[in-house]
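Below is one structure, written out as structure tokens, with a few remarks after it.
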Amino acid sequence: MDSLPSTAPAQIKAGDLFLVWAKIGCTSFGGGPVTQYQIQENFIYRRKWLSPEEYATILGMSQVAPGINLIAIAILIGKRLAGGLGIGLSLAGLILPSTIITIAMTAAYVGVGSLHRVQASLRMAFAAILGISLATNWRNVRPIFQGRKKRGPVALASALAILVGTALVYALLSPAVALLYVAGGLLGALSNRLPRTGASVKGGEE
């Protein structure tokens with residue numbers, strides 16, 4: 001992780017890091033996709049503490065780990081930006097506010113959860129969350145496809161093939177997710193060995 005080029009400022013204040021995570025923890029209603037969208041907005045596009053490529057690497061590493069990947073993302077970003085202290089601040093900012101709000105909302109839901117209008121509203125809210133999930137996933141894969149495009153059409157086609165092939169295999173055969181991660185990683189590593197073509201060769205790009 002530390003070998004990656006970083007767009008982060010030389011020093012990030014501990015309080016700023018905690019407040020950003022606390023804001024995410026307080027406003028990320030809708031689960032993982034919404035939280036990831038907020039992370040992208042705050043760390044990549046607003047404050048530019050991470051580049052899209054750095055975040056794609058962090059996301060890939062977090063997917064390999066078992067359990068809740070948002071915890072892994074917070075740990076990796078905290079370590080990247082502020083070392084061991086950043087890990088503690090990131091976890092505290094993400095978890096503590098959201099835990100308090102979740103407890104309060106759960107207590108309130110017990111009293112009104114059986115109402116038909118409440119249930120209908122929650123079902124419709126899922127449609128909005130799905131839209132955010134699509135936007136989040138596009139942001140996740142865009143730097144990958146941009147990097148592949150620079151390497152040439154063969155590299156780009158291999159990335160698309162891995163994406164579509166993985167989706168089909170999972171939908172039709174439902175294998176263990178860990179196997180798909182390993183297979184995708186191996187195929188990606190093999191595709192990196194393909195010769196560069198097109199503009200990447202002419203321009204001498206990396």
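The way I read the labels, and the way they are meant: chains A, B, ... in the order of the structure tokens, residue 1 as the first residue of every chain, and ligand 1 as the first ligand shown, with later ones counted on from there.
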
field: 7 Å contact set for stretch 35-39 of chain A, only C-alpha atoms, chain neighbours under 4 positions out, as a count of residues only
entry: 5

- Of the residues A:Ala157, A:Ile87, A:Cys26, A:Val34, which is the one nearest to A:Thr99, using only C-alpha atoms?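 Comparing A:Ala157, A:Ile87, A:Cys26, A:Val34 against A:Thr99, the winner is A:Cys26.
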
Within 6 Å of stretch 12-20 of chain A using only C-alpha atoms, minus same-chain residues under 2 positions, as an MDAnalysis selection string: chainID A and resid 22:23 89:90 93

Selection to disk with N, CA and C atoms, as an mmCIF file, in the first residue's frame:
data_model
loop_
_atom_site.group_PDB
_atom_site.id
_atom_site.type_symbol
_atom_site.label_atom_id
_atom_site.label_comp_id
_atom_site.auth_asym_id
_atom_site.auth_seq_id
_atom_site.Cartn_x
_atom_site.Cartn_y
_atom_site.Cartn_z
ATOM 1 N N ALA A 22 -16.818 10.091 10.894
ATOM 2 C CA ALA A 22 -18.035 10.256 11.690
ATOM 3 C C ALA A 22 -19.183 10.757 10.823
ATOM 4 N N LYS A 23 -18.893 11.653 9.905
ATOM 5 C CA LYS A 23 -19.914 12.128 8.972
ATOM 6 C C LYS A 23 -20.432 10.987 8.111
ATOM 7 N N LEU A 89 -8.867 5.895 14.613
ATOM 8 C CA LEU A 89 -9.777 7.006 14.354
ATOM 9 C C LEU A 89 -10.810 6.652 13.290
ATOM 10 N N SER A 90 -10.382 5.958 12.263
ATOM 11 C CA SER A 90 -11.301 5.581 11.189
ATOM 12 C C SER A 90 -12.376 4.624 11.693
ATOM 13 N N GLY A 93 -14.738 6.534 14.138
ATOM 14 C CA GLY A 93 -15.627 7.460 13.439
ATOM 15 C C GLY A 93 -16.699 6.755 12.639
#

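The two atoms in question, atom CA of A:Ala171 and atom CA of A:Leu134, are spaced 17.7 Å apart.
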
> Could you name the residues that touch A:Ala65 at 10 Å or less, counting only C-alpha atoms, but leaving out those on the same chain fewer than 6 positions away, as a PyMOL selection string?
Replying inline: chain A and resi 71-72+178

Task: alpha helix (DSSP H) residues, from DSSP on the backbone, in stretch 5-187 of chain A, as a ChimeraX atom specification - done: /A:14-27,32-39,52-64,69-112,116-151,153-173,177-187

Of A:Ile44, A:Leu122, A:Val64, A:Ile77, the one sitting nearest A:Phe29 when using only C-alpha atoms is A:Leu122

**Asked** Near A:Val177, within 10 Å and counting only C-alpha atoms, which residues show up once chain neighbours fewer than 6 positions away are dropped, as an MDAnalysis selection string?
**Response** chainID A and resid 63:64 166 170 183

One-decimal distance in Å that lies between atom CA of A:Arg151 and atom CA of A:Ser191: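 These atoms are spaced 10.6 Å apart.
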
- Item | Which of A:Val112, A:Ala127, A:Ala56, A:Leu50 sits closest to A:Pro143 [using only C-alpha atoms] |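 Using only C-alpha atoms, A:Pro143 sits closest to A:Ala56.
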
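If only C-alpha atoms are the atoms counted, then among A:Ser133, A:Asn192, A:Ala176, A:Gly60 the closest residue to A:Gly147 is A:Asn192.
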
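Interatomic distance, atom CA of A:Ile73 to atom CA of A:Tyr109: 29.3 Å.
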